[in-house]
Every structure is written in C-alpha cells, then in structure tokens.
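A.B. asks: I am sharing query-v4.txt, which consists of compact mmCIF, C-alpha atoms:
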# COMPACT_ATOMS: atom_id res chain seq x y z
CA MET A 15 21.75 27.58 2.73
CA THR A 16 25.19 26.38 1.71
CA LEU A 17 25.99 26.68 -1.97
CA ALA A 18 27.97 23.95 -3.70
CA PRO A 19 31.45 25.11 -4.64
CA GLU A 20 31.74 26.19 -8.23
CA ARG A 21 33.63 23.75 -10.45
CA PRO A 22 36.79 25.11 -12.09
CA GLU A 23 36.72 25.72 -15.83
CA ALA A 24 39.02 22.75 -16.42
CA LEU A 25 36.37 20.35 -15.05
CA ALA A 26 33.19 22.10 -16.17
CA GLU A 27 31.00 20.71 -18.95
CA PRO A 28 31.55 22.84 -22.07
CA ASN A 29 28.53 24.82 -23.24
CA ARG A 30 29.97 27.24 -25.82
CA LYS A 31 30.50 26.09 -29.38
CA VAL A 32 34.05 26.19 -30.72
CA GLY A 33 34.77 28.26 -33.82
CA SER A 34 36.04 27.28 -37.24
CA GLY A 35 39.57 28.43 -36.39
CA TRP A 36 39.73 26.09 -33.39
CA ILE A 37 38.42 23.21 -35.50
CA ALA A 38 40.99 23.91 -38.23
CA LEU A 39 43.89 23.84 -35.76
CA TYR A 40 42.54 20.67 -34.15
CA VAL A 41 42.35 18.99 -37.57
CA LEU A 42 45.96 20.04 -38.27
CA ALA A 43 47.00 18.49 -34.95
CA ASP A 44 45.28 15.26 -35.97
CA ILE A 45 47.22 15.34 -39.24
CA GLY A 46 50.40 15.69 -37.20
CA MET A 47 49.44 12.61 -35.20
CA PHE A 48 47.70 10.21 -37.57
CA VAL A 49 49.89 10.51 -40.68
CA PRO A 50 53.14 9.57 -38.86
CA MET A 51 51.19 6.98 -36.86
CA GLN A 52 49.75 5.20 -39.90
CA ALA A 53 52.11 5.68 -42.83
CA PRO A 54 55.29 4.20 -41.30
CA THR A 55 53.52 1.06 -40.05
CA THR A 56 51.71 0.61 -43.37
CA PHE A 57 54.40 1.46 -45.91
CA LEU A 58 57.81 1.73 -44.28
CA MET A 59 58.00 -0.93 -41.57
CA PRO A 60 56.70 -3.85 -43.70
CA ALA A 61 59.17 -2.97 -46.47
CA GLN A 62 61.96 -2.36 -43.97
CA ILE A 63 61.36 -5.74 -42.30
CA ALA A 64 61.02 -7.52 -45.65
CA ARG A 65 64.46 -6.18 -46.58
CA ILE A 66 65.99 -7.20 -43.26
CA ASP A 67 64.31 -10.63 -43.00
CA PRO A 68 62.72 -11.61 -46.35
CA ALA A 69 62.12 -15.25 -45.39
CA GLY A 70 60.51 -14.56 -42.01
CA LYS A 71 58.78 -11.26 -42.80
CA VAL A 72 55.28 -12.40 -41.71
CA GLY A 73 56.39 -13.52 -38.25
CA SER A 74 58.80 -10.60 -37.81
CA TYR A 75 56.18 -8.05 -38.76
CA ALA A 76 53.71 -9.66 -36.34
CA TRP A 77 56.30 -9.35 -33.56
CA VAL A 78 57.05 -5.71 -34.38
CA SER A 79 53.32 -4.87 -34.53
CA MET A 80 52.76 -6.51 -31.15
CA MET A 81 55.69 -4.64 -29.59
CA GLY A 82 54.26 -1.35 -30.76
CA ALA A 83 50.76 -2.12 -29.53
CA ILE A 84 51.78 -3.55 -26.15
CA SER A 85 53.19 -0.22 -24.96
CA GLY A 86 49.73 1.30 -25.11
CA ILE A 87 48.28 -1.16 -22.61
CA VAL A 88 50.05 0.55 -19.70
CA ILE A 89 51.17 3.90 -21.08
CA ALA A 90 47.84 5.10 -22.53
CA PRO A 91 45.75 5.01 -19.33
CA LEU A 92 48.76 6.03 -17.20
CA ALA A 93 49.43 9.09 -19.32
CA GLY A 94 45.70 9.86 -19.40
CA ALA A 95 45.42 9.64 -15.61
CA LEU A 96 48.47 11.87 -15.12
CA SER A 97 47.14 14.32 -17.69
CA ASP A 98 43.92 14.61 -15.68
CA ARG A 99 45.99 15.47 -12.60
CA THR A 100 48.44 17.89 -14.24
CA THR A 101 48.33 21.28 -12.49
CA SER A 102 50.84 23.12 -14.68
CA ARG A 103 50.16 26.79 -15.24
CA PHE A 104 50.23 25.92 -18.95
CA GLY A 105 47.19 23.68 -18.52
CA ARG A 106 46.50 19.97 -18.21
CA ARG A 107 46.82 18.85 -21.84
CA ARG A 108 49.45 21.15 -23.33
CA PRO A 109 52.53 19.62 -21.55
CA TRP A 110 51.60 16.16 -22.81
CA LEU A 111 51.11 17.34 -26.37
CA ILE A 112 54.51 19.01 -26.43
CA THR A 113 56.44 16.19 -24.72
CA GLY A 114 54.83 13.46 -26.81
CA SER A 115 55.49 15.33 -30.06
CA LEU A 116 59.19 15.78 -29.31
CA VAL A 117 59.63 12.10 -28.39
CA CYS A 118 57.71 11.06 -31.50
CA MET A 119 59.97 13.08 -33.80
CA ALA A 120 63.10 11.60 -32.21
CA ALA A 121 61.74 8.03 -32.40
CA LEU A 122 60.85 8.33 -36.09
CA ALA A 123 64.33 9.59 -36.91
CA CYS A 124 65.90 6.67 -35.03
CA VAL A 125 63.75 3.95 -36.61
CA GLY A 126 64.79 5.14 -40.05
CA VAL A 127 68.39 4.04 -39.54
CA GLN A 128 67.71 0.61 -37.99
CA THR A 129 69.08 -2.48 -39.76
CA THR A 130 67.76 -5.24 -37.46
CA VAL A 131 64.27 -6.49 -36.65
CA ALA A 132 65.00 -5.96 -32.94
CA GLY A 133 65.96 -2.34 -33.63
CA VAL A 134 62.75 -1.71 -35.58
CA ALA A 135 60.72 -3.38 -32.82
CA LEU A 136 62.32 -1.23 -30.12
CA GLY A 137 61.73 1.88 -32.19
CA SER A 138 58.11 0.82 -32.75
CA LEU A 139 57.71 0.45 -28.98
CA VAL A 140 59.00 3.97 -28.26
CA LEU A 141 57.06 5.43 -31.18
CA SER A 142 53.83 3.85 -29.97
CA ALA A 143 54.48 5.14 -26.45
CA SER A 144 54.92 8.67 -27.82
CA PHE A 145 51.54 8.49 -29.54
CA MET A 146 49.97 7.39 -26.27
CA VAL A 147 51.45 10.48 -24.60
CA ILE A 148 50.16 12.71 -27.40
CA GLY A 149 46.77 11.06 -27.13
CA ALA A 150 46.66 11.85 -23.40
CA GLY A 151 46.61 15.50 -24.39
CA LEU A 152 44.70 15.39 -27.67
CA SER A 153 41.84 12.93 -27.07
CA PRO A 154 40.30 14.67 -24.00
CA VAL A 155 40.31 18.05 -25.74
CA VAL A 156 36.93 17.40 -27.37
CA PRO A 157 35.01 16.49 -24.18
CA ASP A 158 36.99 19.28 -22.44
CA ARG A 159 36.10 22.07 -24.86
CA VAL A 160 33.30 20.97 -27.25
CA PRO A 161 29.61 20.77 -26.19
CA VAL A 162 27.76 17.49 -26.79
CA GLY A 163 25.60 18.87 -29.59
CA GLN A 164 28.65 19.86 -31.66
CA ARG A 165 30.86 16.82 -31.10
CA GLY A 166 29.65 14.83 -34.09
CA VAL A 167 30.57 17.46 -36.65
CA VAL A 168 33.83 18.40 -34.90
CA LEU A 169 34.90 14.77 -34.70
CA GLY A 170 33.76 14.25 -38.29
CA TRP A 171 36.26 16.84 -39.48
CA ALA A 172 38.88 15.63 -37.00
CA MET A 173 38.60 12.07 -38.31
CA VAL A 174 39.41 13.11 -41.88
CA PRO A 175 43.16 12.92 -41.10
CA GLN A 176 42.65 9.51 -39.50
CA ALA A 177 40.69 8.35 -42.55
CA GLY A 178 43.10 9.86 -45.07
CA GLY A 179 46.32 9.55 -43.10
CA MET A 180 47.62 6.54 -44.98
CA ILE A 181 47.04 7.90 -48.47
CA ALA A 182 48.44 11.31 -47.53
CA GLY A 183 51.43 9.61 -45.93
CA GLY A 184 51.94 7.37 -48.94
CA LEU A 185 51.96 10.36 -51.28
CA LEU A 186 54.36 12.26 -49.04
CA LEU A 187 56.70 9.29 -48.79
CA GLY A 188 56.85 9.18 -52.58
CA LEU A 189 58.56 12.59 -52.56
CA VAL A 190 61.77 11.20 -51.06
CA THR A 191 63.70 7.95 -51.29
CA GLY A 192 65.44 5.83 -48.68
CA PHE A 193 64.18 4.85 -45.25
CA PRO A 194 66.16 7.51 -43.30
CA ALA A 195 64.82 10.37 -45.44
CA GLN A 196 61.26 9.01 -45.44
CA TYR A 197 61.17 8.62 -41.68
CA LEU A 198 62.60 12.14 -41.26
CA LEU A 199 59.81 13.49 -43.44
CA MET A 200 57.28 11.83 -41.15
CA ALA A 201 59.14 13.27 -38.15
CA SER A 202 58.39 16.81 -39.33
CA LEU A 203 54.61 16.41 -39.10
CA PRO A 204 54.22 16.51 -35.28
CA LEU A 205 55.17 20.18 -35.56
CA LEU A 206 51.48 20.66 -36.37
CA ILE A 207 50.62 19.31 -32.93
CA LEU A 208 52.97 21.84 -31.37
CA LEU A 209 51.14 24.58 -33.29
CA PHE A 210 47.79 23.51 -31.84
CA ALA A 211 49.27 23.12 -28.35
CA THR A 212 50.58 26.67 -28.49
CA ALA A 213 47.33 28.21 -29.70
CA MET A 214 44.70 26.19 -27.78
CA LYS A 215 42.95 27.39 -24.65
CA ASP A 216 43.85 25.00 -21.84
CA PRO A 217 42.63 26.25 -18.45
CA PRO A 218 44.84 25.05 -15.59
CA LEU A 219 43.54 22.76 -12.88
CA PRO A 220 43.73 24.29 -9.39
CA ARG A 221 45.78 22.09 -7.07
CA ARG A 222 42.95 21.72 -4.58
CA TYR A 223 40.88 19.93 -7.24
CA ARG A 224 43.60 17.46 -8.20
CA GLU A 225 42.67 13.87 -7.41
CA PRO A 226 45.34 12.01 -5.42
CA PHE A 227 47.41 9.56 -7.45
CA SER A 228 48.88 6.25 -6.38
CA LEU A 229 49.64 2.89 -7.95
CA ARG A 230 46.49 1.51 -6.37
CA ALA A 231 44.43 4.41 -7.70
CA PHE A 232 45.93 3.87 -11.16
CA LEU A 233 45.16 0.14 -11.15
CA ASP A 234 41.67 0.86 -9.85
CA GLY A 235 41.22 3.03 -12.92
CA TYR A 236 41.17 -0.13 -15.03
CA ARG A 237 38.19 -1.36 -13.05
CA ILE A 238 35.08 0.52 -14.08
CA SER A 239 31.89 -0.82 -12.56
CA PRO A 240 29.58 -2.32 -15.21
CA ARG A 241 26.67 -1.67 -12.83
CA GLU A 242 27.47 2.05 -12.40
CA HIS A 243 28.67 2.75 -15.94
CA PRO A 244 27.19 0.08 -18.25
CA GLY A 245 27.13 2.41 -21.25
CA PHE A 246 30.87 2.99 -21.11
CA ILE A 247 31.62 -0.73 -20.69
CA TRP A 248 29.45 -1.74 -23.64
CA ALA A 249 30.88 1.07 -25.80
CA MET A 250 34.43 -0.12 -25.06
CA SER A 251 33.46 -3.75 -25.73
CA SER A 252 31.97 -2.78 -29.09
CA ARG A 253 35.09 -0.79 -29.94
CA PHE A 254 37.41 -3.68 -29.06
CA ILE A 255 35.55 -6.25 -31.18
CA MET A 256 35.25 -3.80 -34.08
CA GLY A 257 38.98 -3.06 -33.84
CA LEU A 258 39.79 -6.77 -33.91
CA GLY A 259 37.66 -7.26 -37.01
CA TYR A 260 39.25 -4.28 -38.75
CA GLY A 261 42.76 -5.40 -37.83
CA LEU A 262 42.21 -8.96 -39.09
CA GLY A 263 40.92 -7.61 -42.39
CA THR A 264 43.60 -5.01 -43.09
CA LEU A 265 46.83 -5.76 -41.21
CA TYR A 266 48.19 -8.24 -43.75
CA MET A 267 46.97 -6.48 -46.89
CA PRO A 268 50.55 -5.83 -48.14
CA TYR A 269 51.31 -9.56 -48.01
CA PHE A 270 47.87 -10.46 -49.47
CA LEU A 271 48.67 -8.37 -52.54
CA ASP A 272 52.07 -9.99 -52.83
CA ASP A 273 51.39 -13.62 -51.94
CA VAL A 274 47.79 -14.15 -53.16
CA LEU A 275 47.13 -11.66 -55.94
CA ARG A 276 50.74 -11.68 -57.16
CA TYR A 277 50.35 -8.00 -57.92
CA GLU A 278 53.76 -7.53 -59.51
CA GLN A 279 53.06 -10.42 -61.91
CA LEU A 280 49.53 -9.21 -62.54
CA PHE A 281 50.79 -5.73 -63.44
CA PRO A 282 54.38 -5.96 -64.72
CA GLY A 283 56.38 -2.85 -64.05
CA ARG A 284 54.44 -1.98 -60.91
CA SER A 285 55.46 -2.74 -57.35
CA THR A 286 53.33 -4.18 -54.58
CA GLU A 287 53.67 -0.83 -52.82
CA ASP A 288 51.97 0.80 -55.83
CA GLY A 289 49.05 -1.60 -55.51
CA LEU A 290 48.81 -1.01 -51.78
CA LEU A 291 48.73 2.74 -52.34
CA ILE A 292 45.85 2.33 -54.83
CA VAL A 293 43.85 0.18 -52.41
CA ILE A 294 44.46 2.61 -49.56
CA GLY A 295 43.64 5.58 -51.76
CA VAL A 296 40.30 4.12 -52.83
CA ASN A 297 39.51 3.18 -49.24
CA CYS A 298 40.46 6.61 -47.88
CA LEU A 299 38.39 8.50 -50.44
CA ALA A 300 35.37 6.37 -49.61
CA THR A 301 35.92 6.95 -45.88
CA ILE A 302 36.31 10.70 -46.25
CA SER A 303 33.11 10.86 -48.33
CA THR A 304 31.03 9.74 -45.33
CA VAL A 305 32.94 10.70 -42.17
CA VAL A 306 32.00 14.40 -41.95
CA LEU A 307 28.43 13.87 -43.15
CA SER A 308 27.77 11.06 -40.66
CA GLY A 309 29.16 13.11 -37.78
CA TRP A 310 26.96 16.08 -38.69
CA LEU A 311 23.95 13.81 -39.16
CA SER A 312 24.42 12.23 -35.73
CA ASP A 313 24.33 15.71 -34.16
CA LYS A 314 21.16 16.63 -36.02
CA LEU A 315 19.31 13.37 -35.42
CA GLY A 316 20.81 12.58 -32.02
CA LYS A 317 20.90 8.91 -33.05
CA ARG A 318 24.46 7.75 -32.51
CA ARG A 319 23.82 4.02 -31.99
CA MET A 320 21.94 3.49 -35.23
CA LEU A 321 24.72 5.08 -37.30
CA VAL A 322 27.46 3.17 -35.45
CA PHE A 323 25.61 -0.09 -36.13
CA LEU A 324 25.10 0.69 -39.82
CA GLY A 325 28.75 1.62 -40.22
CA GLY A 326 29.97 -1.53 -38.48
CA ALA A 327 27.62 -3.80 -40.44
CA THR A 328 28.82 -2.26 -43.70
CA MET A 329 32.42 -2.92 -42.69
CA ALA A 330 31.52 -6.59 -42.18
CA VAL A 331 30.02 -6.78 -45.67
CA ALA A 332 33.31 -5.51 -47.13
CA ALA A 333 35.17 -8.68 -46.16
CA ILE A 334 32.82 -10.99 -48.08
CA PRO A 335 34.03 -10.17 -51.64
CA LEU A 336 37.64 -10.88 -50.67
CA ALA A 337 36.69 -14.17 -49.03
CA LEU A 338 34.61 -15.37 -52.00
CA SER A 339 36.65 -14.01 -54.90
CA PRO A 340 40.18 -12.80 -54.06
CA THR A 341 40.84 -10.82 -57.24
CA TRP A 342 42.17 -7.33 -57.86
CA THR A 343 38.71 -6.06 -58.86
CA MET A 344 37.12 -7.47 -55.71
CA THR A 345 39.91 -5.98 -53.64
CA LEU A 346 38.97 -2.52 -54.90
CA VAL A 347 35.25 -3.21 -54.35
CA ALA A 348 35.98 -4.30 -50.79
CA ALA A 349 38.10 -1.19 -50.23
CA VAL A 350 35.18 1.04 -51.25
CA ILE A 351 32.63 -0.77 -49.07
CA LEU A 352 34.99 -0.84 -46.10
CA GLY A 353 35.70 2.86 -46.50
CA LEU A 354 32.03 3.84 -46.64
CA GLY A 355 31.27 1.86 -43.50
CA TYR A 356 34.36 3.00 -41.66
CA GLY A 357 33.58 6.63 -42.40
CA VAL A 358 30.14 6.31 -40.83
CA TYR A 359 31.50 4.37 -37.85
CA LEU A 360 34.59 6.46 -37.12
CA ALA A 361 33.30 9.87 -36.04
CA VAL A 362 29.95 8.75 -34.63
CA ASP A 363 31.44 6.05 -32.41
CA THR A 364 33.91 8.53 -30.92
CA ALA A 365 31.11 11.04 -30.29
CA LEU A 366 29.10 8.27 -28.63
CA VAL A 367 32.02 7.41 -26.33
CA THR A 368 32.38 11.03 -25.17
CA GLU A 369 28.74 10.93 -24.01
CA VAL A 370 29.24 7.92 -21.72
CA LEU A 371 32.49 8.92 -19.97
CA PRO A 372 32.17 8.07 -16.25
CA ALA A 373 33.49 11.36 -14.77
CA SER A 374 34.62 14.78 -16.00
CA ALA A 375 37.66 14.67 -13.71
CA ASP A 376 38.89 11.52 -15.48
CA ARG A 377 38.29 12.42 -19.11
CA GLY A 378 41.92 11.88 -20.08
CA LYS A 379 42.18 8.46 -18.46
CA ASP A 380 38.77 7.32 -19.67
CA MET A 381 39.36 8.49 -23.24
CA ALA A 382 42.70 6.68 -23.12
CA LEU A 383 40.94 3.49 -22.04
CA ALA A 384 38.43 3.93 -24.85
CA ASN A 385 41.19 4.56 -27.39
CA LEU A 386 43.04 1.55 -26.02
CA MET A 387 40.13 -0.54 -27.26
CA THR A 388 41.10 0.44 -30.80
CA SER A 389 44.83 -0.26 -30.39
CA LEU A 390 44.74 -3.31 -28.10
CA PRO A 391 43.22 -5.49 -30.86
CA TYR A 392 46.47 -4.99 -32.80
CA VAL A 393 48.23 -6.97 -30.07
CA LEU A 394 45.90 -9.90 -30.67
CA ALA A 395 45.32 -9.56 -34.42
CA PRO A 396 48.86 -10.62 -35.55
CA PRO A 397 49.00 -13.93 -33.63
CA ILE A 398 45.35 -14.70 -34.45
CA ALA A 399 45.96 -13.92 -38.12
CA SER A 400 49.11 -16.06 -38.17
CA ILE A 401 47.15 -19.04 -36.78
CA VAL A 402 44.26 -18.53 -39.20
CA LEU A 403 46.57 -18.11 -42.19
CA GLY A 404 48.39 -21.30 -41.27
CA GLY A 405 45.14 -23.28 -41.22
CA PRO A 406 42.71 -24.35 -43.94
CA GLY A 407 41.32 -21.54 -46.01
CA GLY A 408 44.23 -19.14 -45.54
CA TYR A 409 43.24 -15.59 -46.39
CA ARG A 410 39.64 -16.62 -47.10
CA SER A 411 39.24 -17.76 -43.49
CA LEU A 412 40.96 -14.60 -42.29
CA PHE A 413 38.49 -12.33 -44.09
CA LEU A 414 35.51 -14.37 -42.84
CA CYS A 415 36.82 -14.00 -39.28
CA SER A 416 37.09 -10.26 -39.89
CA ALA A 417 33.46 -10.12 -41.04
CA ALA A 418 32.25 -12.09 -38.02
CA MET A 419 34.04 -9.80 -35.57
CA SER A 420 32.66 -6.68 -37.27
CA VAL A 421 29.09 -7.97 -37.09
CA LEU A 422 29.45 -8.80 -33.41
CA GLY A 423 31.04 -5.43 -32.61
CA ALA A 424 28.30 -3.57 -34.46
CA ALA A 425 25.59 -5.50 -32.60
CA LEU A 426 27.06 -4.72 -29.17
CA VAL A 427 26.50 -0.98 -29.61
CA TRP A 428 22.76 -1.52 -29.02
CA LYS A 429 23.63 -2.38 -25.42
CA VAL A 430 24.64 1.26 -24.82
CA LYS A 431 21.26 2.22 -23.38
CA SER A 432 22.33 5.63 -22.01
CA VAL A 433 22.69 7.11 -25.50
CA ARG A 434 19.64 7.94 -27.58
CA TYR A 435 18.56 5.50 -30.32
Would you write out, as structure tokens, the structure that this file holds?
C.D. replies:
Amino acid sequence: MTLAPERPEALAEPNRKVGSGWIALYVLADIGMFVPMQAPTTFLMPAQIARIDPAGKVGSYAWVSMMGAISGIVIAPLAGALSDRTTSRFGRRRPWLITGSLVCMAALACVGVQTTVAGVALGSLVLSASFMVIGAGLSPVVPDRVPVGQRGVVLGWAMVPQAGGMIAGGLLLGLVTGFPAQYLLMASLPLLILLFATAMKDPPLPRRYREPFSLRAFLDGYRISPREHPGFIWAMSSRFIMGLGYGLGTLYMPYFLDDVLRYEQLFPGRSTEDGLLIVIGVNCLATISTVVLSGWLSDKLGKRRMLVFLGGATMAVAAIPLALSPTWTMTLVAAVILGLGYGVYLAVDTALVTEVLPASADRGKDMALANLMTSLPYVLAPPIASIVLGGPGGYRSLFLCSAAMSVLGAALVWKVKSVRY
C-alpha cells in the first residue's frame, strides 16, 4: 500500500490552540495596521484636501479615496498569491509583513508633506498598496495557525483594533499638531507589525510544494468556480454588498456634520473634527462592546450565519434615524446602533470566511480576495454617493441606500450552505 505524502506544516490544517501571548502579539500587529489605515483617511486626508481645495473638497476627496482603493484590486490578490508561493527560510508570511510595514511608514511620512490633491492621491495609492502587502502576510495567519474552533474568539480580539482604530488614531493625532508631525506619528505604529513578524512562528514552504506561478495562473485565481466553491462565492458577495452599504453610510460623515448639521454653528467653539471624533468614539465603544463576545459566542454555538445576519440587519437599522431625522442626537443614536451591529458582524463574518476558503495552498490569495470585497466597495461608494447626493433627497437618500445595501448583504449570508446555521 502506498501512503500519501505527508503535507508540510505550512500547508497543514492547524489543530493546536494558540496561546494568550500569540493572541496579544497578533492584536498589537492589527493595531499597527488598522490605526494608520483608518485614522489618516478619516481625520487627516479630508482636512488636508479641504485646505488644499476648499471649493471642490467633495469631488477631490472622492478621487483620492478611489485612487487608494483601486490599488487593492490588483495588488491584494497578487501579493496574496505570491505570499502563498514564498519559499524563504524565514517563512511565507514574514517577508511580506516586514516589506509592507517599511513601505507603509515611508508612504505616511511622504503624504504628510504634500500640498496638492494629486500628491495626496499618489501617496494614498502607495499607502493603500502597502496595506495590501501587509495583509498578504497578516490575513492568512489565522487560517494558517488557528484551529477552526478558536477562530471566532481570536478574531474577536483581533478586530478590536479595527473597531477602535479610528478613535485611538484620533486621540493620538490630538497629541501633535501639523500634518507632517501627525503623519509621522502614524508612521511609527507599523513597528508593532515588525514585532509580531519577528516573534511569530512561520514554517517555511518546501520548494517542491510551491505551486507554479504565471500571469495566466494569477488571472485564473480571480475565477473561482461557483459550482465547486459556492460557499466562498456567496460569502464574498455578502461581504461586498455589506461593504458598499457601510461605505455609503460613513464615508461622507465629516461633510455631513459640516454641511447638514452645521456642527460648528450648533456648538460654537468646537470644530467639525471634534464632532467627528465624538461620533467615532461612540461608534467604536459600541462596536468593541460586542465584537469579542460575538466571536466567542460563534465558537460556542457554531452558528456563524445567524450572527452575521443579525449584525448586518442591525447595521441597516442604524441608517434609518439619520434618514428620517438628521439631528445631532439622532447621529449619536445611529452611531451606537451601527457600532453594535458592526461588532457582531465583524469578527463572525471573518471567521465564517476562513471556513469556506477553497484550498489551504491558496489561503493568502483567497483571504486577499475576501478582504478585497471589503475595500473594493470604497472604489464604487464615492461616485455612487456623489450621484445620490446630487439628486433629490441628498443625504437622506444616501442613508436609505446604505440601509438597503446592508439588508441585502445580510440576507445573502444565508446562501452560504457549507457553514452551520
């Protein structure tokens, strides 16, 4: 009898739980990624563009946001595919974590000194590309090293930085003044990723197990058979629609506070940035209050789809108060509801995706494709939002569109039949 060749550790399904030290370092790495990913685009770039082009800030910010998101369309799956095939003696994921972190730090420093919209857009493009490279190393680590039954709780803790990244970044940015200094402060955070990369166990991939790579193979990676992997296709579709709904509801919040609520007139002596920080803070606290618990609960119950649906439906409900009564009080109410739903959705949806990955040899590429479904909507959200805002209803129509997309995205998760109810 001929025995099947033993799979190398790099491709084997993990079966040993990770310890608290590993989880802590992984959470720190997520802080190093998500805070500089979220805070500059939320606080710094809108203000930077408004200073450069005050009359055309809406269109300019849409262009900059699109430039940053477009880079992920090609770079994310390409970096993921190459990460899967990396045979370095330092492992498959570590080289990508280190390279991406160094590029990210340099890009942040450069964006801080830009004085033109084109310069900010180019910097946003490079910065986004660096996060795609980091993601090629960081996203597959969970399916690489964490067993299925522990992924909910691990991802629950790991999503705390994603949930609280904006408020933490806003507080950190308040410690220094001036765009160059604020961007430099953000540029110091990817050092946490380097710490995790140095300490993590990353078994190398033997060369004989490396899948051949070619342009055709890369392009074929975009084509995943719905018949062979329906769960993965439906999970990505749900993610994309949910991301579009979330982007439509939140992307223009700084301008909503300024142009609709007239925050600075409503609260003399306070800036719009102060109001934005309050909204984000309320939202982040609500998200953090449910993200770890929902991840743990999904492990215990084994019911990922139900929790993803409940989280998505709650996010849809959050847009209704803003559409019906755009006041400061309703803005805070909506921030709480959105945060509660997002916290439930965030960790459980990611855990669900790791269970429907098509192949262990392609975890990096497939996780990149799945993550692309959360960033790709930000390419479409700005032009869609601009059209909606220019039509009848303005921001009211925009928030109703956000609610509709969230409901649809939440409903699609029930099509993922390969994951338990």
A.B. asks: State, in Å with one decimal place, the distance from CA of Gly151 (chain A) to CA of Leu169 (chain A).
C.D. replies: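 Taking CA of Gly151 (chain A) as the start and CA of Leu169 (chain A) as the end point, the length is 15.6 Å.
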A.B. asks: For Gln196 (chain A), which residue out of A:Val125, A:Leu422, A:Lys379, A:Val293 is the nearest one, using only C-alpha atoms?
C.D. replies: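 Checking each candidate against Gln196 (chain A), we get A:Val125 as the closest.
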A.B. asks: As an exercise, work out the distance from CA of Thr264 (chain A) to CA of Ser339 (chain A) in Å and give it to one decimal place.
C.D. replies: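 These atoms are spaced 16.4 Å apart.
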A.B. asks: Anything within 12 Å of (65.2, 8.9, -44.1): list those residues as a list in words, counting only C-alpha atoms and sticking to the file's coordinates.
C.D. replies: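 The answer, in the requested form, is Pro54, Leu58, Gln62, Leu122, Ala123, Cys124, Val125, Gly126, Val127, Gln128, Leu187, Gly188, Leu189, Val190, Thr191, Gly192, Phe193, Pro194, Ala195, Gln196, Tyr197, Leu198, Leu199, Met200, Ala201 and Ser202 of chain A.
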A.B. asks: Could you pull the residues within 7 Å of region 270-285 of chain A, counting all atoms listed in the file, minus those fewer than 4 positions along the same chain, as a ChimeraX atom specification?
C.D. replies: /A:266,289,341-342
A.B. asks: Return the single residue from A:Leu360, A:Leu219, A:Met180, A:Ala172 that is closest to Pro50 (chain A), with distances computed using all atoms listed in the file.
C.D. replies: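 Of A:Leu360, A:Leu219, A:Met180, A:Ala172, the one nearest Pro50 (chain A), counting all atoms listed in the file, is A:Met180.
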A.B. asks: List every residue of region 61-108 of chain A that has an atom at most 9 Å from any atom of region 206-217 of chain A, giving for each one its closest atom pair and the distance in Å to one decimal, counting all atoms listed in the file, sorted by chain and then by ascending residue number, as a Markdown table.
C.D. replies:
| residue | atom | partner | partner_atom | distance |
| --- | --- | --- | --- | --- |
| A:Arg103 | CA | A:Pro217 | CA | 8.2 |
| A:Phe104 | CA | A:Asp216 | CA | 7.1 |
| A:Gly105 | CA | A:Asp216 | CA | 4.9 |
| A:Arg106 | CA | A:Asp216 | CA | 6.7 |
| A:Arg107 | CA | A:Asp216 | CA | 6.8 |
| A:Arg108 | CA | A:Ala211 | CA | 5.4 |
A.B. asks: State, in Å with one decimal place, the distance from CA of Leu383 (chain A) to CA of Ala90 (chain A).
C.D. replies: 7.1 Å
A.B. asks: Give me the residues near Asp376 (chain A) as number ranges by chain, where near means some atom within 12 Å (using all atoms listed in the file) and where sequence neighbours in that chain fewer than 4 positions away do not count.
C.D. replies: A: 24-25, 91-100, 106, 150, 154, 157-158, 223-227, 231-232, 235-236, 238, 368, 371-372, 380-383
A.B. asks: A:Tyr75, A:Phe254, A:Phe145, A:Tyr269: which is nearest Pro204 (chain A), counting only C-alpha atoms?
C.D. replies: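 Ranking A:Tyr75, A:Phe254, A:Phe145, A:Tyr269 by distance to Pro204 (chain A), first place goes to A:Phe145.
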A.B. asks: Which residue is closest to Lys317 (chain A)? Choose from A:Met81, A:Val402, A:Asp363, A:Ala418 and count only C-alpha atoms.
C.D. replies: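 For Lys317 (chain A), the nearest of the candidates is A:Asp363.
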A.B. asks: Ranking A:Val155, A:Ser79, A:Gly114, A:Thr130 by minimum distance to Arg65 (chain A) and counting all atoms listed in the file, which one comes first?
C.D. replies: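 Using all atoms listed in the file, the shortest distance to Arg65 (chain A) belongs to A:Thr130.
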A.B. asks: Pick out the closest residue to Glu287 (chain A) from this set: A:Leu185, A:Ala425, A:Ile351, A:Leu346. Count only C-alpha atoms.
C.D. replies: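 Under the stated criterion, the closest residue is A:Leu185.
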A.B. asks: If we count only C-alpha atoms, what is near Leu338 (chain A) at a cut-off of 12 Å, once residues fewer than 6 positions away on the same chain are taken out, given as a list in words?
C.D. replies: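 Contacts, with the query itself left out: Val331, Ala332, Met344, Thr345, Ala348, Gly407, Tyr409, Arg410, Ser411, Leu412, Phe413 and Leu414 of chain A.
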A.B. asks: May I have the residues at most 10 Å from (24.3, 13.1, -36.9) in the file's coordinates, counting all atoms listed in the file, as a PDB file with C-alpha atoms, in the coordinates of the input?
C.D. replies:
ATOM      1  CA  GLY A 163      25.600  18.870 -29.590  1.00  0.00           C
ATOM      2  CA  GLN A 164      28.650  19.860 -31.660  1.00  0.00           C
ATOM      3  CA  ARG A 165      30.860  16.820 -31.100  1.00  0.00           C
ATOM      4  CA  GLY A 166      29.650  14.830 -34.090  1.00  0.00           C
ATOM      5  CA  VAL A 167      30.570  17.460 -36.650  1.00  0.00           C
ATOM      6  CA  GLY A 170      33.760  14.250 -38.290  1.00  0.00           C
ATOM      7  CA  VAL A 306      32.000  14.400 -41.950  1.00  0.00           C
ATOM      8  CA  LEU A 307      28.430  13.870 -43.150  1.00  0.00           C
ATOM      9  CA  SER A 308      27.770  11.060 -40.660  1.00  0.00           C
ATOM     10  CA  GLY A 309      29.160  13.110 -37.780  1.00  0.00           C
ATOM     11  CA  TRP A 310      26.960  16.080 -38.690  1.00  0.00           C
ATOM     12  CA  LEU A 311      23.950  13.810 -39.160  1.00  0.00           C
ATOM     13  CA  SER A 312      24.420  12.230 -35.730  1.00  0.00           C
ATOM     14  CA  ASP A 313      24.330  15.710 -34.160  1.00  0.00           C
ATOM     15  CA  LYS A 314      21.160  16.630 -36.020  1.00  0.00           C
ATOM     16  CA  LEU A 315      19.310  13.370 -35.420  1.00  0.00           C
ATOM     17  CA  GLY A 316      20.810  12.580 -32.020  1.00  0.00           C
ATOM     18  CA  LYS A 317      20.900   8.910 -33.050  1.00  0.00           C
ATOM     19  CA  ARG A 318      24.460   7.750 -32.510  1.00  0.00           C
ATOM     20  CA  LEU A 321      24.720   5.080 -37.300  1.00  0.00           C
ATOM     21  CA  VAL A 358      30.140   6.310 -40.830  1.00  0.00           C
ATOM     22  CA  ALA A 361      33.300   9.870 -36.040  1.00  0.00           C
ATOM     23  CA  VAL A 362      29.950   8.750 -34.630  1.00  0.00           C
ATOM     24  CA  ALA A 365      31.110  11.040 -30.290  1.00  0.00           C
TER      25      ALA A 365
END
